[in-house]
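Novice: For reference, the file input36.tsv (TSV, C-alpha atoms and all ligand atoms) is included below:
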```tsv
chain	number	residue	atom	x	y	z
A	222	MET	CA	-5.57	17.14	-7.43
A	223	LYS	CA	-8.06	15.55	-9.80
A	224	PHE	CA	-7.90	11.90	-10.82
A	225	ASP	CA	-9.72	11.08	-13.99
A	226	SER	CA	-9.58	7.43	-14.80
A	227	LYS	CA	-12.91	6.97	-16.55
A	228	ASP	CA	-11.58	6.20	-19.98
A	229	ILE	CA	-9.13	3.52	-18.93
A	230	PHE	CA	-10.97	1.91	-16.06
A	231	ASN	CA	-14.23	0.50	-17.10
A	232	LYS	CA	-16.17	-0.19	-13.91
A	233	ASP	CA	-17.93	-3.10	-15.63
A	234	ARG	CA	-14.59	-4.81	-15.75
A	235	HIS	CA	-14.06	-4.44	-12.02
A	236	PRO	CA	-11.69	-5.59	-10.65
A	237	ILE	CA	-9.04	-4.01	-12.88
A	238	LEU	CA	-6.53	-6.72	-13.68
A	239	VAL	CA	-2.90	-6.10	-14.58
A	240	ALA	CA	-0.96	-9.30	-15.18
A	241	GLY	CA	2.20	-10.47	-16.86
A	242	PRO	CA	5.70	-11.54	-15.95
A	243	CYS	CA	7.88	-9.85	-13.37
A	244	SER	CA	10.45	-9.37	-16.15
A	245	ALA	CA	10.40	-9.44	-19.92
A	246	GLU	CA	13.09	-12.12	-20.37
A	247	SER	CA	13.01	-12.84	-24.11
A	248	GLU	CA	10.71	-12.18	-27.03
A	249	LYS	CA	9.57	-15.80	-26.94
A	250	GLN	CA	8.76	-15.70	-23.22
A	251	VAL	CA	6.86	-12.39	-23.51
A	252	MET	CA	4.79	-13.61	-26.47
A	253	GLU	CA	4.10	-16.93	-24.78
A	254	VAL	CA	2.78	-15.31	-21.58
A	255	ALA	CA	0.81	-12.70	-23.52
A	256	SER	CA	-0.84	-15.25	-25.80
A	257	ALA	CA	-1.80	-17.31	-22.73
A	258	LEU	CA	-3.30	-14.24	-21.07
A	259	VAL	CA	-5.42	-13.08	-24.00
A	260	GLY	CA	-9.12	-13.33	-23.19
A	261	ARG	CA	-8.59	-13.55	-19.43
A	262	GLY	CA	-9.98	-10.11	-18.60
A	263	LEU	CA	-6.74	-8.12	-18.45
A	264	SER	CA	-6.81	-4.31	-18.47
A	265	PHE	CA	-3.04	-4.21	-18.96
A	266	PHE	CA	-0.25	-6.66	-19.69
A	267	ARG	CA	2.70	-5.90	-17.44
A	268	ALA	CA	6.39	-6.72	-17.86
A	269	GLY	CA	9.44	-5.27	-16.15
A	270	VAL	CA	12.03	-4.04	-18.61
A	271	TRP	CA	14.48	-2.32	-16.23
A	272	LYS	CA	14.59	-4.26	-12.97
A	273	PRO	CA	15.69	-2.47	-9.80
A	274	ARG	CA	17.37	-5.31	-7.94
A	275	THR	CA	18.37	-5.12	-4.31
A	276	ARG	CA	21.72	-6.80	-4.90
A	277	PRO	CA	23.97	-6.48	-7.98
A	278	GLY	CA	24.56	-9.58	-10.02
A	279	CYS	CA	20.86	-10.50	-10.27
A	280	PHE	CA	19.00	-10.28	-13.56
A	281	GLU	CA	18.53	-6.56	-14.16
A	282	GLY	CA	16.12	-6.74	-17.08
A	283	MET	CA	16.61	-6.69	-20.84
A	284	GLY	CA	16.24	-2.91	-21.04
A	285	GLU	CA	15.32	-1.03	-24.19
A	286	ALA	CA	15.65	-4.18	-26.32
A	287	ALA	CA	12.45	-5.52	-24.69
A	288	LEU	CA	10.25	-2.62	-25.77
A	289	PRO	CA	9.58	-3.95	-29.32
A	290	TRP	CA	8.36	-7.24	-27.75
A	291	LEU	CA	5.76	-5.27	-25.81
A	292	GLN	CA	4.80	-3.42	-28.97
A	293	ARG	CA	4.17	-6.84	-30.54
A	294	VAL	CA	1.95	-7.81	-27.58
A	295	LYS	CA	-0.04	-4.65	-28.11
A	296	ASN	CA	-0.31	-4.97	-31.88
A	297	GLU	CA	-0.83	-8.72	-32.20
A	298	PHE	CA	-3.00	-9.41	-29.15
A	299	GLY	CA	-4.62	-6.02	-28.63
A	300	LEU	CA	-3.50	-5.95	-25.00
A	301	PRO	CA	-2.60	-2.53	-23.55
A	302	VAL	CA	0.92	-2.77	-22.09
A	303	ALA	CA	2.46	-1.42	-18.87
A	304	VAL	CA	6.09	-0.92	-17.90
A	305	GLU	CA	7.96	0.31	-14.79
A	306	VAL	CA	9.98	3.50	-15.25
A	307	ALA	CA	12.68	4.77	-12.91
A	308	THR	CA	14.41	7.55	-14.87
A	309	ALA	CA	13.63	10.31	-17.39
A	310	GLU	CA	15.36	8.22	-20.06
A	311	HIS	CA	13.01	5.29	-19.36
A	312	VAL	CA	10.03	7.64	-19.72
A	313	ARG	CA	11.29	8.94	-23.05
A	314	LEU	CA	11.84	5.42	-24.37
A	315	VAL	CA	8.47	4.03	-23.24
A	316	LEU	CA	6.54	7.02	-24.56
A	317	ASP	CA	8.32	6.69	-27.93
A	318	ALA	CA	7.41	3.00	-27.93
A	319	GLY	CA	3.72	3.78	-27.35
A	320	ILE	CA	3.52	1.95	-24.00
A	321	ASP	CA	-0.02	2.44	-22.60
A	322	MET	CA	0.57	2.67	-18.85
A	323	LEU	CA	3.62	3.45	-16.73
A	324	TRP	CA	4.25	2.63	-13.14
A	325	VAL	CA	6.76	3.98	-10.66
A	326	GLY	CA	8.35	1.18	-8.62
A	327	ALA	CA	8.58	1.00	-4.85
A	328	ARG	CA	12.28	1.80	-4.68
A	329	THR	CA	11.85	4.84	-6.90
A	330	THR	CA	8.91	6.22	-4.90
A	331	THR	CA	11.25	6.54	-1.90
A	332	ASN	CA	13.36	9.09	-3.81
A	333	PRO	CA	11.75	12.49	-4.45
A	334	PHE	CA	14.57	13.52	-6.84
A	335	ALA	CA	13.91	10.48	-9.04
A	336	VAL	CA	10.12	11.00	-8.90
A	337	GLN	CA	10.50	14.68	-9.80
A	338	GLU	CA	12.69	13.74	-12.76
A	339	ILE	CA	10.05	11.28	-13.95
A	340	ALA	CA	7.29	13.84	-13.40
A	341	ASP	CA	9.14	16.52	-15.36
A	342	SER	CA	9.72	14.17	-18.26
A	343	LEU	CA	5.99	13.32	-18.33
A	344	ARG	CA	4.88	16.94	-18.84
A	345	GLY	CA	2.49	17.09	-21.75
A	346	ALA	CA	2.23	13.30	-22.11
A	347	ASP	CA	-1.24	11.80	-21.96
A	348	VAL	CA	-0.60	8.50	-20.27
A	349	PRO	CA	-1.88	6.88	-17.07
A	350	VAL	CA	0.70	6.48	-14.33
A	351	PHE	CA	0.48	4.25	-11.27
A	352	VAL	CA	2.66	4.80	-8.22
A	353	LYS	CA	3.66	1.90	-6.02
A	354	ASN	CA	4.02	2.60	-2.32
A	355	PRO	CA	7.56	3.31	-1.12
A	356	VAL	CA	9.36	0.32	0.44
A	357	ASN	CA	9.16	1.99	3.87
A	358	PRO	CA	5.77	2.59	5.48
A	359	ASP	CA	5.63	6.35	4.89
A	360	ILE	CA	2.35	7.51	3.42
A	361	GLU	CA	3.62	11.06	2.92
A	362	LEU	CA	6.30	9.83	0.49
A	363	TRP	CA	3.61	7.95	-1.42
A	364	VAL	CA	1.33	11.00	-1.48
A	365	GLY	CA	4.30	13.23	-2.34
A	366	ALA	CA	5.11	11.15	-5.40
A	367	LEU	CA	1.47	11.31	-6.56
A	368	GLU	CA	1.47	15.07	-6.02
A	369	ARG	CA	4.68	15.54	-8.01
A	370	LEU	CA	3.10	13.69	-10.93
A	371	GLY	CA	-0.21	15.52	-10.49
A	372	ASN	CA	1.59	18.87	-10.44
A	373	ALA	CA	3.35	17.95	-13.68
A	374	GLY	CA	-0.05	17.54	-15.35
A	375	VAL	CA	-0.53	13.77	-15.15
A	376	THR	CA	-4.29	13.48	-14.73
A	377	ARG	CA	-4.78	9.73	-14.85
A	378	LEU	CA	-3.07	8.68	-11.64
A	379	GLY	CA	-3.43	5.50	-9.68
A	380	ALA	CA	-1.67	3.76	-6.82
A	381	ILE	CA	-0.45	0.21	-6.26
A	382	HIS	CA	-0.12	-1.29	-2.81
A	383	ARG	CA	2.77	-3.78	-2.77
A	384	GLY	CA	3.48	-3.95	0.96
A	385	PHE	CA	6.33	-2.60	3.07
A	386	SER	CA	9.66	-4.20	3.78
A	387	SER	CA	10.54	-4.93	7.36
A	388	TYR	CA	13.43	-6.66	9.06
A	389	ALA	CA	11.22	-8.73	11.29
A	390	GLU	CA	8.47	-9.86	8.90
A	391	LYS	CA	8.57	-13.59	8.23
A	392	CYS	CA	5.22	-14.54	6.77
A	393	PHE	CA	5.07	-11.98	3.97
A	394	ARG	CA	7.84	-10.69	1.74
A	395	ASN	CA	6.46	-7.20	2.32
A	396	ALA	CA	4.10	-6.62	5.24
A	397	PRO	CA	0.65	-5.52	4.01
A	398	GLN	CA	0.02	-2.84	6.68
A	399	TRP	CA	-3.41	-2.37	5.11
A	400	GLN	CA	-4.10	0.75	7.19
A	401	ILE	CA	-1.69	2.71	4.97
A	402	PRO	CA	-3.42	2.13	1.60
A	403	LEU	CA	-6.75	2.59	3.39
A	404	GLU	CA	-5.56	6.00	4.58
A	405	LEU	CA	-4.54	6.78	0.99
A	406	ARG	CA	-8.06	5.82	-0.08
A	407	ARG	CA	-9.49	8.16	2.56
A	408	ARG	CA	-7.40	11.02	1.20
A	409	PHE	CA	-8.05	10.27	-2.49
A	410	PRO	CA	-11.43	8.55	-2.66
A	411	ASP	CA	-11.67	8.69	-6.47
A	412	MET	CA	-8.21	7.42	-7.28
A	413	PRO	CA	-7.97	3.78	-8.36
A	414	ILE	CA	-5.85	1.72	-5.98
A	415	LEU	CA	-4.63	-1.72	-7.01
A	416	CYS	CA	-3.15	-4.39	-4.80
A	417	ASP	CA	-0.05	-6.33	-5.83
A	418	PRO	CA	-0.43	-9.60	-3.90
A	419	SER	CA	2.67	-11.05	-5.61
A	420	HIS	CA	5.12	-8.63	-4.01
A	421	ILE	CA	3.27	-8.58	-0.69
A	422	GLY	CA	3.22	-12.37	-0.36
A	423	GLY	CA	6.46	-13.26	-2.08
A	424	LYS	CA	5.03	-16.79	-2.50
A	425	ARG	CA	2.45	-17.90	-5.07
A	426	GLU	CA	0.52	-19.81	-2.36
A	427	LEU	CA	-0.38	-16.47	-0.75
A	428	VAL	CA	-1.65	-14.73	-3.89
A	429	MET	CA	-5.24	-16.02	-3.63
A	430	MET	CA	-5.63	-15.13	0.06
A	431	LEU	CA	-4.14	-11.65	-0.39
A	432	SER	CA	-6.23	-10.97	-3.50
A	433	GLN	CA	-9.37	-11.84	-1.55
A	434	GLN	CA	-8.33	-9.53	1.28
A	435	ALA	CA	-7.82	-6.76	-1.27
A	436	MET	CA	-11.37	-7.36	-2.59
A	437	ASP	CA	-12.72	-7.39	0.97
A	438	LEU	CA	-11.07	-4.01	1.52
A	439	ASN	CA	-12.59	-2.61	-1.67
A	440	PHE	CA	-9.43	-2.25	-3.75
A	441	ASP	CA	-10.13	-1.42	-7.40
A	442	GLY	CA	-8.05	-4.22	-8.80
A	443	LEU	CA	-4.96	-6.38	-8.80
A	444	MET	CA	-1.51	-6.54	-10.31
A	445	VAL	CA	-0.47	-10.19	-10.40
A	446	GLU	CA	2.88	-11.46	-11.67
A	447	THR	CA	2.19	-14.23	-14.16
A	448	HIS	CA	4.64	-16.48	-16.01
A	449	CYS	CA	4.19	-19.65	-18.08
A	450	ASN	CA	7.01	-21.39	-16.26
A	451	PRO	CA	7.34	-19.56	-12.93
A	452	GLN	CA	9.98	-21.89	-11.46
A	453	CYS	CA	12.39	-20.86	-14.22
A	454	ALA	CA	11.63	-17.11	-14.09
A	455	LEU	CA	14.74	-14.93	-14.04
A	456	SER	CA	13.27	-12.75	-11.27
A	457	ASP	CA	10.74	-13.34	-8.51
A	458	ALA	CA	10.35	-17.04	-9.39
A	459	ARG	CA	8.71	-17.90	-6.01
A	460	GLN	CA	5.80	-15.52	-6.39
A	461	GLN	CA	4.64	-15.81	-10.00
A	462	VAL	CA	1.57	-17.83	-10.96
A	463	THR	CA	0.73	-19.47	-14.27
A	464	PRO	CA	-2.02	-18.04	-16.52
A	465	ASP	CA	-4.29	-20.97	-15.52
A	466	GLU	CA	-3.67	-20.31	-11.84
A	467	LEU	CA	-4.46	-16.65	-12.42
A	468	SER	CA	-7.81	-17.58	-13.99
A	469	MET	CA	-8.55	-19.89	-11.10
A	470	ILE	CA	-7.79	-17.14	-8.59
A	471	MET	CA	-9.91	-14.59	-10.46
A	472	GLY	CA	-12.76	-17.12	-10.77
A	473	ARG	CA	-12.74	-17.93	-7.06
A	474	LEU	CA	-12.51	-14.34	-5.82
A	475	VAL	CA	-15.60	-13.10	-4.04
A	476	LYS	CA	-16.16	-9.54	-5.28
A	477	ARG	CA	-17.48	-7.04	-2.75
A	478	SER	CA	-19.50	-3.97	-3.57
A	479	ALA	CA	-19.37	-0.50	-2.10
A	480	ILE	CA	-22.28	0.45	0.16
A	481	GLU	CA	-24.75	2.31	-2.04
A	482	SER	CA	-27.40	3.14	0.50
A	483	CYS	CA	-26.55	3.61	4.16
A	484	ASP	CA	-30.03	2.77	5.50
A	485	ASP	CA	-29.14	-0.69	6.84
A	486	PHE	CA	-26.06	0.64	8.51
A	487	LEU	CA	-27.34	3.94	9.83
A	488	SER	CA	-28.48	2.77	13.23
A	489	TYR	CA	-25.20	0.91	13.90
A	490	ARG	CA	-23.16	3.84	12.71
A	491	ASN	CA	-25.08	6.27	14.90
A	492	GLN	CA	-24.39	4.04	17.90
A	493	ILE	CA	-20.71	3.91	17.01
A	494	ASP	CA	-20.55	7.70	16.68
A	495	ALA	CA	-22.11	8.06	20.12
A	496	ILE	CA	-19.59	5.62	21.63
A	497	ASP	CA	-16.71	7.47	19.92
A	498	LEU	CA	-17.91	10.68	21.54
A	499	GLN	CA	-17.89	8.99	24.95
A	500	LEU	CA	-14.40	7.62	24.27
A	501	VAL	CA	-13.11	11.08	23.43
A	502	GLU	CA	-14.67	12.54	26.57
A	503	LEU	CA	-13.10	9.79	28.70
A	504	LEU	CA	-9.75	10.33	27.03
A	505	GLU	CA	-9.96	14.02	27.82
A	506	LYS	CA	-10.55	13.19	31.49
A	507	ARG	CA	-7.65	10.73	31.48
A	508	MET	CA	-5.32	13.27	29.90
A	509	SER	CA	-6.26	15.90	32.41
A	510	LEU	CA	-5.41	13.48	35.27
A	511	SER	CA	-2.09	12.78	33.53
A	512	ARG	CA	-1.37	16.50	33.49
A	513	GLU	CA	-2.05	16.76	37.22
A	514	ILE	CA	0.28	13.84	37.91
A	515	GLY	CA	2.83	15.61	35.69
A	516	MET	CA	2.64	18.71	37.94
A	517	LEU	CA	3.19	16.53	41.03
A	518	LYS	CA	6.18	14.82	39.42
A	519	LYS	CA	7.60	18.20	38.58
A	520	GLU	CA	7.13	19.57	42.12
A	521	ASN	CA	8.72	16.49	43.66
A	522	GLY	CA	11.51	16.15	41.12
A	523	HIS	CA	10.37	12.71	39.90
A	524	ALA	CA	11.21	11.32	36.46
A	525	ILE	CA	8.33	11.41	34.02
A	526	TYR	CA	8.75	7.90	32.70
A	527	GLN	CA	8.29	5.23	35.34
A	528	PRO	CA	8.74	1.79	33.72
A	529	ALA	CA	7.06	-0.05	36.60
A	530	ARG	CA	3.93	2.07	36.21
A	531	TYR	CA	3.93	1.56	32.45
A	532	ASN	CA	3.98	-2.21	32.97
A	533	GLU	CA	1.18	-1.87	35.51
A	534	VAL	CA	-0.96	0.05	33.01
A	535	LEU	CA	-0.45	-2.62	30.34
A	536	GLU	CA	-1.04	-5.50	32.75
A	537	HIS	CA	-4.18	-3.84	34.04
A	538	CYS	CA	-5.42	-3.47	30.49
A	539	VAL	CA	-4.73	-7.18	29.81
A	540	ARG	CA	-6.67	-8.11	32.97
A	541	CYS	CA	-9.57	-5.89	31.88
A	542	CYS	CA	-9.69	-7.68	28.54
A	543	LYS	CA	-9.97	-11.11	30.16
A	544	ASP	CA	-13.21	-12.87	29.18
A	545	LYS	CA	-14.01	-10.08	26.72
A	546	GLU	CA	-14.24	-10.74	23.01
A	547	MET	CA	-11.32	-8.55	22.06
A	548	ASN	CA	-7.91	-8.86	20.49
A	549	ILE	CA	-5.60	-8.16	23.44
A	550	ASP	CA	-2.71	-7.06	21.22
A	551	ALA	CA	-4.90	-4.47	19.52
A	552	VAL	CA	-6.14	-3.13	22.87
A	553	LYS	CA	-2.56	-3.08	24.20
A	554	GLY	CA	-1.53	-1.09	21.12
A	555	ILE	CA	-4.18	1.51	21.93
A	556	PHE	CA	-2.96	1.78	25.52
A	557	GLU	CA	0.64	2.08	24.36
A	558	LEU	CA	-0.44	5.11	22.33
A	559	ILE	CA	-2.40	6.55	25.23
A	560	HIS	CA	0.55	6.11	27.56
A	561	SER	CA	2.97	7.67	25.12
A	562	GLU	CA	0.64	10.69	24.82
A	563	SER	CA	0.55	10.96	28.65
A	564	VAL	CA	4.35	10.94	28.74
A	565	ARG	CA	4.42	13.63	26.06
A	566	LEU	CA	1.97	15.82	27.99
A	567	GLN	CA	3.99	15.45	31.17
A	568	LEU	CA	7.25	16.25	29.41
A	569	ASP	CA	5.64	19.46	28.17
A	570	ILE	CA	4.71	20.31	31.75
A	571	VAL	CA	8.24	19.67	33.02
A	572	ASN	CA	9.60	21.75	30.14
A	573	GLU	CA	6.91	24.37	30.73
A	574	LYS	CA	5.51	24.12	27.24
A	575	THR	CA	1.90	24.41	26.34
A	576	GLY	CA	1.88	23.31	22.69
A	577	ASN	CA	2.15	19.90	21.01
A	578	ASP	CA	5.79	20.07	20.11
A	579	THR	CA	7.24	17.23	22.15
A	580	ILE	CA	7.43	14.09	20.08
A	581	ILE	CA	7.56	10.65	21.62
A	582	SER	CA	7.93	7.71	19.35
B	1	LIG	C1	7.79	-5.29	-10.00
B	1	LIG	O1	6.60	-4.95	-10.09
B	1	LIG	O2	8.29	-6.17	-10.66
B	1	LIG	C2	8.62	-4.63	-8.97
B	1	LIG	C3	9.92	-4.49	-9.10
B	1	LIG	O3	7.89	-4.26	-7.93
B	1	LIG	P1	8.22	-3.33	-6.66
B	1	LIG	O4	8.59	-1.98	-7.21
B	1	LIG	O5	6.93	-3.37	-5.96
B	1	LIG	O6	9.33	-4.00	-5.90
B	2	MN	MN	8.68	-8.68	-9.45
```
Take the structure in the file and give it back as structure tokens.

Specialist:
Amino acid sequence: MKFDSKDIFNKDRHPILVAGPCSAESEKQVMEVASALVGRGLSFFRAGVWKPRTRPGCFEGMGEAALPWLQRVKNEFGLPVAVEVATAEHVRLVLDAGIDMLWVGARTTTNPFAVQEIADSLRGADVPVFVKNPVNPDIELWVGALERLGNAGVTRLGAIHRGFSSYAEKCFRNAPQWQIPLELRRRFPDMPILCDPSHIGGKRELVMMLSQQAMDLNFDGLMVETHCNPQCALSDARQQVTPDELSMIMGRLVKRSAIESCDDFLSYRNQIDAIDLQLVELLEKRMSLSREIGMLKKENGHAIYQPARYNEVLEHCVRCCKDKEMNIDAVKGIFELIHSESVRLQLDIVNEKTGNDTIIS
């Protein structure tokens, strides 16, 4: 798949900024926000027209009636405009209205039928499309949606990281799980990836901190929900910032650059590569001991999983970390993975398999 974004993403204007209200609420509100955002470095003015709400009875957007307001924003302020689409009918309407950028929302990305319908209706259209991550932390669904659009001939594709919903998460509305967009970046190094700190944080107080983290992680830009009177917004009132707050955030952001020449880093990176090699060799030794223990368990009719031993392994690892400058939880996470791989290997032995087909989660 090829991502060509040159003509819409001017690197001089890095970071790409998409801003505007969560929802287009009225013509007056849209024009008010847009006029306040003119001259603040936007690449696109966003506004939700059809709002996918979790529960019925919430404001579900003004629908088709809002499209002429966005056309006014484009014509009167010269701001390119962006809208979320969730169905083929939405695509038809926004293309007819001359909307400049489309994005697929998080709830839609979870549904391959809906994404395929959108992709099919975009055949032959020359418009950039951004895909938000699915609400669940499944990178393959995200990639799958991008592929469906790519296969339908959409060449200007981008992604938006808006975090992942979780039952337990308290601090963020949607947990960032940065490793997932970073893996997307690894797979598609040339594709622009924006961060949506508004939907990750769910609170305007978190927008600055999350935007800075996105810059630190080399995201290409931000999508920030912006409203002139956020408290009274009909959707996502807690997380929208005012145009002045947006300018303050953008002004305070420390921009990071990609590493152009590796010279300064080469010696460190070589050392890290050598250590990684040693780690792999040690892991191989550990796995081979696990296999031998697995044979013994099999011969003696013992259960593979021994909770007391698992606790011992984790406690030993915590003791080893004592007085070391390391995050114990991270190290424990690594040992949890190692242990689960040992259990998988031993299950294969008991079941007399040789391949990798036992899955432990
Ligand atoms: C939005 O951008 O307003 C929106 C509905 O976002 P998400 O799809 O990330 O929930
Ligand atoms: Mn929103």

Novice: Record the distance separating atom CA of A:Pro358 and atom O2 of ligand LIG 1 (chain B), expressed in Å with one decimal.

Specialist: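 We find that atom CA of A:Pro358 and atom O2 of ligand LIG 1 (chain B) lie 18.5 Å from each other.
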
Novice: Distance table requested - chain A against ligand MN 2 (chain B), cut-off 8 Å, all atoms listed in the file: one row per qualifying residue with the closest atom pair and its distance in Å to one decimal, ordered by chain and rising residue number, as JSON lines.

Specialist:
```
{"residue": "A:Pro242", "atom": "CA", "partner": "B:MN2", "partner_atom": "MN", "distance": 7.7}
{"residue": "A:Cys243", "atom": "CA", "partner": "B:MN2", "partner_atom": "MN", "distance": 4.2}
{"residue": "A:Ser244", "atom": "CA", "partner": "B:MN2", "partner_atom": "MN", "distance": 7.0}
{"residue": "A:Gly269", "atom": "CA", "partner": "B:MN2", "partner_atom": "MN", "distance": 7.6}
{"residue": "A:Ser419", "atom": "CA", "partner": "B:MN2", "partner_atom": "MN", "distance": 7.5}
{"residue": "A:His420", "atom": "CA", "partner": "B:MN2", "partner_atom": "MN", "distance": 6.5}
{"residue": "A:Glu446", "atom": "CA", "partner": "B:MN2", "partner_atom": "MN", "distance": 6.8}
{"residue": "A:Ser456", "atom": "CA", "partner": "B:MN2", "partner_atom": "MN", "distance": 6.4}
{"residue": "A:Asp457", "atom": "CA", "partner": "B:MN2", "partner_atom": "MN", "distance": 5.2}
```

Novice: What's the 8 Å shell around A:Leu455, counting all atoms listed in the file, without same-chain residues fewer than 3 positions away, as an NGL selection string?

Specialist: :A and (244 or 246 or 280 or 458)

Novice: Using all atoms listed in the file, find each residue with an atom at most 9 Å away from ligand LIG 1 (chain B) and format the answer as a ChimeraX atom specification.

Specialist: /A:242-244,267-269,271-274,304-305,324-330,353-356,381-384,417,419-421,444-446,456-457

Novice: Counting only C-alpha atoms, note down every residue that has an atom within 12 Å of the point (6.1, 5.5, 31.9) (file coordinates), as a count of residues only.

Specialist: 31

Novice: Using all atoms listed in the file, which residues of stretch 301-321 of chain A come within 10 Å of stretch 332-342 of chain A, and what is the closest atom pair for each, with the distance in Å to one decimal? Give it as CSV, sorted by chain and residue number.

Specialist:
```
residue,atom,partner,partner_atom,distance
A:Val306,CA,A:Ile339,CA,7.9
A:Ala307,CA,A:Ala335,CA,7.0
A:Thr308,CA,A:Ile339,CA,5.8
A:Ala309,CA,A:Ile339,CA,5.1
A:Glu310,CA,A:Ser342,CA,8.4
A:His311,CA,A:Ile339,CA,8.6
A:Val312,CA,A:Ser342,CA,6.7
A:Arg313,CA,A:Ser342,CA,7.3
```

Novice: Could you tell me how far atom CA of A:Ser468 sits from atom CA of A:Phe385, in Å to one decimal place?

Specialist: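 Separating atom CA of A:Phe385 from atom CA of A:Ser468 is a distance of 26.7 Å.
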
Novice: Hey, could you make a per-residue contact list for stretch 228-307 of chain A against stretch 434-442 of chain A with 7 Å as the cut-off, showing the nearest pair of atoms and its distance in Å to one decimal, counting all atoms listed in the file, sorted by chain and number, as CSV?

Specialist:
```
residue,atom,partner,partner_atom,distance
A:His235,CA,A:Asp441,CA,6.8
A:Pro236,CA,A:Gly442,CA,4.3
A:Ile237,CA,A:Gly442,CA,4.2
A:Leu238,CA,A:Gly442,CA,5.7
```

Novice: Excluding A:Arg459 and its own-chain neighbours fewer than 4 positions away, which residues fall within 10 Å of it when counting all atoms listed in the file? Please give them as number ranges by chain.

Specialist: A: 419, 422-426, 451-454

Novice: Just the number, please: distance in Å from atom CA of A:Val364 to atom CA of A:Gln400, one decimal.

Specialist: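 Calculated distance between atom CA of A:Val364 and atom CA of A:Gln400 is 14.5 Å.
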
Novice: Using all atoms listed in the file, can you tell me which of A:Met469, A:Thr376, A:Gly371, A:Leu362 comes closest to A:Leu405?

Specialist: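 Distance minimum relative to A:Leu405 lands on A:Leu362.
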
Novice: Using all atoms listed in the file for the distances, tell me which of A:Lys391, A:Arg408, A:Arg507, A:Arg261 is nearest to A:Leu367.

Specialist: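 With all atoms listed in the file as the atom set, the closest residue is A:Arg408.
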
Novice: Using all atoms listed in the file, which residues sit within 9 Å of A:Trp290 once same-chain residues fewer than 6 positions away are excluded, as a count of residues only?

Specialist: 6

Novice: Set up a box along x, y and z of the file covering all listed atoms of stretch 535-541 of chain A, add 4 Å on every one of the six sides, and write the centre and edge lengths in Å to one decimal, as AutoDock Vina command-line options.

Specialist:
```
--center_x -5.0 --center_y -5.4 --center_z 31.9 --size_x 17.1 --size_y 13.5 --size_z 12.2
```

Novice: Need the neighbours of (1.6, -12.6, -18.6): which residues are at most 7 Å away, counting only C-alpha atoms, as a list of chain:residue names?

Specialist: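 Collected hits near the coordinates: A:Ala240, A:Gly241, A:Pro242, A:Val254, A:Ala255, A:Leu258, A:Phe266, A:Arg267, A:Thr447, A:His448, A:Pro464.
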